[in-house]
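Raw contents of input-v3.cif, mmCIF, C-alpha atoms, pLDDT in the B column; chains and numbers go by the auth columns:
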data_run
loop_
_atom_site.group_PDB
_atom_site.id
_atom_site.type_symbol
_atom_site.label_atom_id
_atom_site.label_comp_id
_atom_site.label_asym_id
_atom_site.label_seq_id
_atom_site.Cartn_x
_atom_site.Cartn_y
_atom_site.Cartn_z
_atom_site.B_iso_or_equiv
_atom_site.auth_seq_id
_atom_site.auth_asym_id
ATOM 1 C CA MET A 1 2.625 5.165 -10.182 45.00 241 A
ATOM 2 C CA ASN A 2 1.009 1.938 -9.180 62.00 242 A
ATOM 3 C CA GLU A 3 -0.661 2.393 -5.805 73.00 243 A
ATOM 4 C CA ASP A 4 -0.013 -1.237 -4.848 76.00 244 A
ATOM 5 C CA ILE A 5 3.745 -0.704 -5.002 80.00 245 A
ATOM 6 C CA LYS A 6 3.427 2.443 -2.897 84.00 246 A
ATOM 7 C CA GLU A 7 1.405 0.431 -0.391 88.00 247 A
ATOM 8 C CA LEU A 8 4.154 -2.230 -0.210 88.00 248 A
ATOM 9 C CA ILE A 9 6.773 0.469 0.351 92.00 249 A
ATOM 10 C CA ALA A 10 4.678 1.955 3.165 91.00 250 A
ATOM 11 C CA GLU A 11 3.705 -1.430 4.649 91.00 251 A
ATOM 12 C CA PHE A 12 7.313 -2.573 5.012 92.00 252 A
ATOM 13 C CA LYS A 13 8.539 0.980 5.846 93.00 253 A
ATOM 14 C CA LEU A 14 11.014 0.847 2.968 94.00 254 A
ATOM 15 C CA ASP A 15 11.034 4.625 2.580 94.00 255 A
ATOM 16 C CA LYS A 16 12.253 5.228 6.140 94.00 256 A
ATOM 17 C CA PRO A 17 15.933 5.615 7.129 92.00 257 A
ATOM 18 C CA ASN A 18 16.549 2.075 8.319 92.00 258 A
ATOM 19 C CA ARG A 19 19.637 -0.078 7.817 92.00 259 A
ATOM 20 C CA LYS A 20 18.269 -3.316 9.213 94.00 260 A
ATOM 21 C CA ARG A 21 19.310 -6.001 6.804 93.00 261 A
ATOM 22 C CA ASP A 22 15.845 -7.406 6.071 91.00 262 A
ATOM 23 C CA ILE A 23 14.514 -3.899 5.331 94.00 263 A
ATOM 24 C CA VAL A 24 17.495 -3.077 3.092 95.00 264 A
ATOM 25 C CA TYR A 25 17.091 -6.347 1.181 94.00 265 A
ATOM 26 C CA LYS A 26 13.384 -5.717 0.584 93.00 266 A
ATOM 27 C CA ARG A 27 14.101 -2.139 -0.517 95.00 267 A
ATOM 28 C CA TYR A 28 16.779 -3.296 -2.963 94.00 268 A
ATOM 29 C CA TYR A 29 14.526 -6.000 -4.361 93.00 269 A
ATOM 30 C CA LEU A 30 11.655 -3.584 -5.020 92.00 270 A
ATOM 31 C CA MET A 31 14.039 -1.066 -6.596 92.00 271 A
ATOM 32 C CA HIS A 32 15.168 -3.831 -8.941 91.00 272 A
ATOM 33 C CA ILE A 33 11.575 -4.722 -9.831 88.00 273 A
ATOM 34 C CA LEU A 34 10.700 -1.078 -10.537 89.00 274 A
ATOM 35 C CA HIS A 35 13.844 -0.631 -12.622 89.00 275 A
ATOM 36 C CA CYS A 36 13.136 -3.728 -14.729 85.00 276 A
ATOM 37 C CA ARG A 37 9.393 -3.384 -15.179 81.00 277 A
ATOM 38 C CA SER A 38 8.749 0.340 -15.334 80.00 278 A
ATOM 39 C CA ARG A 39 9.811 3.307 -17.396 78.00 279 A
ATOM 40 C CA LEU A 40 10.888 5.221 -14.290 84.00 280 A
ATOM 41 C CA CYS A 41 14.349 6.753 -14.240 90.00 281 A
ATOM 42 C CA LEU A 42 16.698 6.084 -11.328 93.00 282 A
ATOM 43 C CA ARG A 43 15.883 9.448 -9.747 94.00 283 A
ATOM 44 C CA GLU A 44 12.146 8.690 -9.765 92.00 284 A
ATOM 45 C CA ILE A 45 12.676 5.256 -8.247 93.00 285 A
ATOM 46 C CA GLY A 46 14.898 6.797 -5.578 94.00 286 A
ATOM 47 C CA GLU A 47 12.263 9.394 -4.714 93.00 287 A
ATOM 48 C CA MET A 48 9.747 6.644 -3.978 93.00 288 A
ATOM 49 C CA PHE A 49 12.120 5.339 -1.292 95.00 289 A
ATOM 50 C CA ASN A 50 13.412 8.762 -0.137 95.00 290 A
ATOM 51 C CA ARG A 51 16.801 7.994 -1.677 95.00 291 A
ATOM 52 C CA ASP A 52 18.862 9.498 -4.491 95.00 292 A
ATOM 53 C CA HIS A 53 19.753 7.931 -7.822 94.00 293 A
ATOM 54 C CA SER A 54 23.172 6.737 -6.631 95.00 294 A
ATOM 55 C CA SER A 55 21.491 4.711 -3.884 96.00 295 A
ATOM 56 C CA VAL A 56 19.350 3.049 -6.545 95.00 296 A
ATOM 57 C CA ILE A 57 22.451 2.227 -8.615 95.00 297 A
ATOM 58 C CA HIS A 58 24.051 0.644 -5.546 96.00 298 A
ATOM 59 C CA ALA A 59 20.844 -1.281 -4.784 95.00 299 A
ATOM 60 C CA LEU A 60 20.671 -2.667 -8.327 95.00 300 A
ATOM 61 C CA LYS A 61 24.291 -3.848 -8.205 95.00 301 A
ATOM 62 C CA GLU A 62 23.869 -5.460 -4.797 95.00 302 A
ATOM 63 C CA HIS A 63 20.611 -7.151 -5.802 94.00 303 A
ATOM 64 C CA GLU A 64 22.276 -8.546 -8.905 92.00 304 A
ATOM 65 C CA ARG A 65 25.202 -9.910 -6.871 93.00 305 A
ATOM 66 C CA TRP A 66 23.015 -11.533 -4.213 92.00 306 A
ATOM 67 C CA TRP A 67 20.478 -12.852 -6.730 89.00 307 A
ATOM 68 C CA SER A 68 23.124 -14.393 -8.994 89.00 308 A
ATOM 69 C CA GLN A 69 24.766 -16.114 -6.010 89.00 309 A
ATOM 70 C CA LEU A 70 21.389 -17.329 -4.735 87.00 310 A
ATOM 71 C CA ASP A 71 22.313 -15.839 -1.368 88.00 311 A
ATOM 72 C CA GLU A 72 20.075 -17.698 1.093 89.00 312 A
ATOM 73 C CA GLU A 73 19.937 -14.837 3.583 91.00 313 A
ATOM 74 C CA TYR A 74 18.867 -12.405 0.834 90.00 314 A
ATOM 75 C CA LEU A 75 16.271 -14.783 -0.616 89.00 315 A
ATOM 76 C CA ARG A 76 14.835 -15.435 2.843 89.00 316 A
ATOM 77 C CA ALA A 77 14.745 -11.715 3.738 90.00 317 A
ATOM 78 C CA ILE A 78 12.889 -10.554 0.620 89.00 318 A
ATOM 79 C CA HIS A 79 10.007 -12.925 1.333 86.00 319 A
ATOM 80 C CA PRO A 80 7.031 -12.337 0.650 85.00 320 A
ATOM 81 C CA LEU A 81 7.785 -9.637 -1.949 84.00 321 A
ATOM 82 C CA PRO A 82 8.499 -11.954 -4.917 83.00 322 A
ATOM 83 C CA GLU A 83 5.075 -13.560 -4.544 78.00 323 A
ATOM 84 C CA LEU A 84 3.375 -10.186 -4.140 78.00 324 A
ATOM 85 C CA VAL A 85 4.916 -8.493 -7.172 76.00 325 A
ATOM 86 C CA THR A 86 4.683 -11.415 -9.593 64.00 326 A
ATOM 87 C CA ASP A 87 0.935 -10.937 -9.563 52.00 327 A
ATOM 88 C CA GLU A 88 0.215 -9.117 -12.844 46.00 328 A
ATOM 89 C CA GLY A 89 -2.098 -6.766 -10.962 44.00 329 A
ATOM 90 C CA ARG A 90 0.816 -5.297 -9.018 44.00 330 A
ATOM 91 C CA ILE A 91 2.903 -3.895 -11.886 43.00 331 A
ATOM 92 C CA PRO A 92 1.031 -4.093 -15.184 42.00 332 A
ATOM 93 C CA LYS A 93 3.341 -4.542 -18.156 44.00 333 A
ATOM 94 C CA ASN A 94 1.873 -1.643 -20.119 41.00 334 A
ATOM 95 C CA GLN A 95 1.338 0.726 -17.216 44.00 335 A
ATOM 96 C CA PHE A 96 3.679 3.393 -18.524 49.00 336 A
ATOM 97 C CA PHE A 97 2.839 3.501 -22.217 56.00 337 A
ATOM 98 C CA GLU A 98 -0.057 2.981 -24.575 60.00 338 A
ATOM 99 C CA CYS A 99 0.115 1.650 -28.118 61.00 339 A
ATOM 100 C CA GLU A 100 -2.205 2.488 -30.968 65.00 340 A
ATOM 101 C CA THR A 101 -1.867 0.319 -34.042 64.00 341 A
ATOM 102 C CA THR A 102 -3.280 0.697 -37.522 68.00 342 A
ATOM 103 C CA GLN A 103 -2.717 -1.278 -40.681 65.00 343 A
ATOM 104 C CA ASP A 104 0.366 0.800 -41.586 66.00 344 A
ATOM 105 C CA SER A 105 1.746 2.213 -38.345 64.00 345 A
ATOM 106 C CA ILE A 106 2.095 2.011 -34.611 61.00 346 A
ATOM 107 C CA THR A 107 2.035 5.013 -32.283 66.00 347 A
ATOM 108 C CA ILE A 108 3.396 4.771 -28.758 65.00 348 A
ATOM 109 C CA HIS A 109 2.439 7.291 -26.087 64.00 349 A
ATOM 110 C CA GLY A 110 4.235 7.308 -22.783 62.00 350 A
ATOM 111 C CA LYS A 111 7.071 8.519 -20.647 59.00 351 A
ATOM 112 C CA PHE A 112 10.464 7.452 -21.978 60.00 352 A
ATOM 113 C CA THR A 113 13.933 8.342 -20.767 58.00 353 A
ATOM 114 C CA LYS A 114 16.419 9.893 -23.180 59.00 354 A
ATOM 115 C CA GLN A 115 18.561 6.772 -22.915 58.00 355 A
ATOM 116 C CA VAL A 116 15.704 4.578 -24.166 58.00 356 A
ATOM 117 C CA LEU A 117 14.993 6.926 -27.060 61.00 357 A
ATOM 118 C CA LYS A 118 18.672 7.019 -28.089 61.00 358 A
ATOM 119 C CA GLU A 119 18.600 3.245 -28.559 61.00 359 A
ATOM 120 C CA PHE A 120 16.334 3.722 -31.586 63.00 360 A
ATOM 121 C CA ASN A 121 18.896 5.279 -33.912 62.00 361 A
ATOM 122 C CA LYS A 122 17.366 3.871 -37.098 66.00 362 A
ATOM 123 C CA PRO A 123 13.782 3.778 -38.335 68.00 363 A
ATOM 124 C CA LEU A 124 12.027 0.710 -37.013 68.00 364 A
ATOM 125 C CA THR A 125 9.284 -1.258 -38.662 70.00 365 A
ATOM 126 C CA LYS A 126 5.955 -1.897 -37.004 66.00 366 A
ATOM 127 C CA THR A 127 7.094 -5.475 -36.317 71.00 367 A
ATOM 128 C CA ASP A 128 10.354 -4.288 -34.687 69.00 368 A
ATOM 129 C CA ILE A 129 8.492 -1.941 -32.370 66.00 369 A
ATOM 130 C CA SER A 130 5.861 -4.537 -31.499 66.00 370 A
ATOM 131 C CA LEU A 131 8.568 -7.044 -30.572 67.00 371 A
ATOM 132 C CA ILE A 132 10.386 -4.529 -28.372 62.00 372 A
ATOM 133 C CA PHE A 133 7.299 -3.536 -26.425 60.00 373 A
ATOM 134 C CA ALA A 134 5.848 -7.032 -26.231 59.00 374 A
ATOM 135 C CA HIS A 135 8.671 -7.826 -23.783 51.00 375 A
ATOM 136 C CA SER A 136 8.332 -4.643 -21.703 46.00 376 A
#
File written out as structure tokens:
Amino acid sequence: MNEDIKELIAEFKLDKPNRKRDIVYKRYYLMHILHCRSRLCLREIGEMFNRDHSSVIHALKEHERWWSQLDEEYLRAIHPLPELVTDEGRIPKNQFFECETTQDSITIHGKFTKQVLKEFNKPLTKTDISLIFAHS
């Protein structure tokens, strides 16, 4: 896992049992970022914060609600995390998989959840696969 994210978790003490609102908001925001940008399952994300997968599910729902409402208190509390994690050096897009391409094929090596693999129920072309992983 990216050491920079672990450092942010430790720096803001997001893995400690703390219910202070600003800590909770930061924790939820980072869980959302890890869920969207990594190939980690909910259990793995939870372990980084000393939480279980159901806590991550709750965090993702709450983040989505606050983010969609542009909740000022939430947006103020998560500062400076958005600026820190938008830096491409923090969570590289291809951190969790590698692609090898040839003229006729593409091979992807990495850690994928069963849910992700089930989404590919039909053979995909090289172009289909490239488009999917270009946005990961």
Item checked: Expansion of the PyMOL selection byres ((chain A and resi 289) around 8) into residues, as a ChimeraX atom specification -> /A:249,254-256,267,285-288,290-291
Checklist line | Two-atom distance - atom CA of Glu302 of chain A, atom CA of Ser278 of chain A (Å) | finding: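 Separation between atom CA of Glu302 of chain A and atom CA of Ser278 of chain A: 19.3 Å.
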Next item on the list: Write out as number ranges by chain the residues lying within 12 Å of Arg316 of chain A, counting only C-alpha atoms and excluding same-chain residues fewer than 6 positions away.
Entry: A: 261-263, 265-266, 269, 306-307, 310, 322
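A straight line drawn from atom CA of Cys276 of chain A to atom CA of Glu313 of chain A is 22.5 Å long.
Straight-line separation from atom CA of His275 of chain A to atom CA of Ala317 of chain A: 19.8 Å.
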Given 4 Å on each side, where is the centre and what are the edge lengths in Å to one decimal of the axis-aligned box enclosing the listed atoms of segment 252-263 of chain A, as JSON?
{"center_x": 13.5, "center_y": -0.9, "center_z": 5.9, "size_x": 20.3, "size_y": 21.0, "size_z": 14.6}
Notebook entry, point to check: Which residue out of A:Thr367, A:Leu321, A:Val296, A:Glu304 has the minimum interatomic distance to Asp244 of chain A when all atoms listed in the file are used?
Noted result: A:Leu321
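In this comparison, which uses all atoms listed in the file, the residue of A:Val325, A:His272, A:Leu282, A:Arg277 approaching Lys301 of chain A most closely is A:His272.
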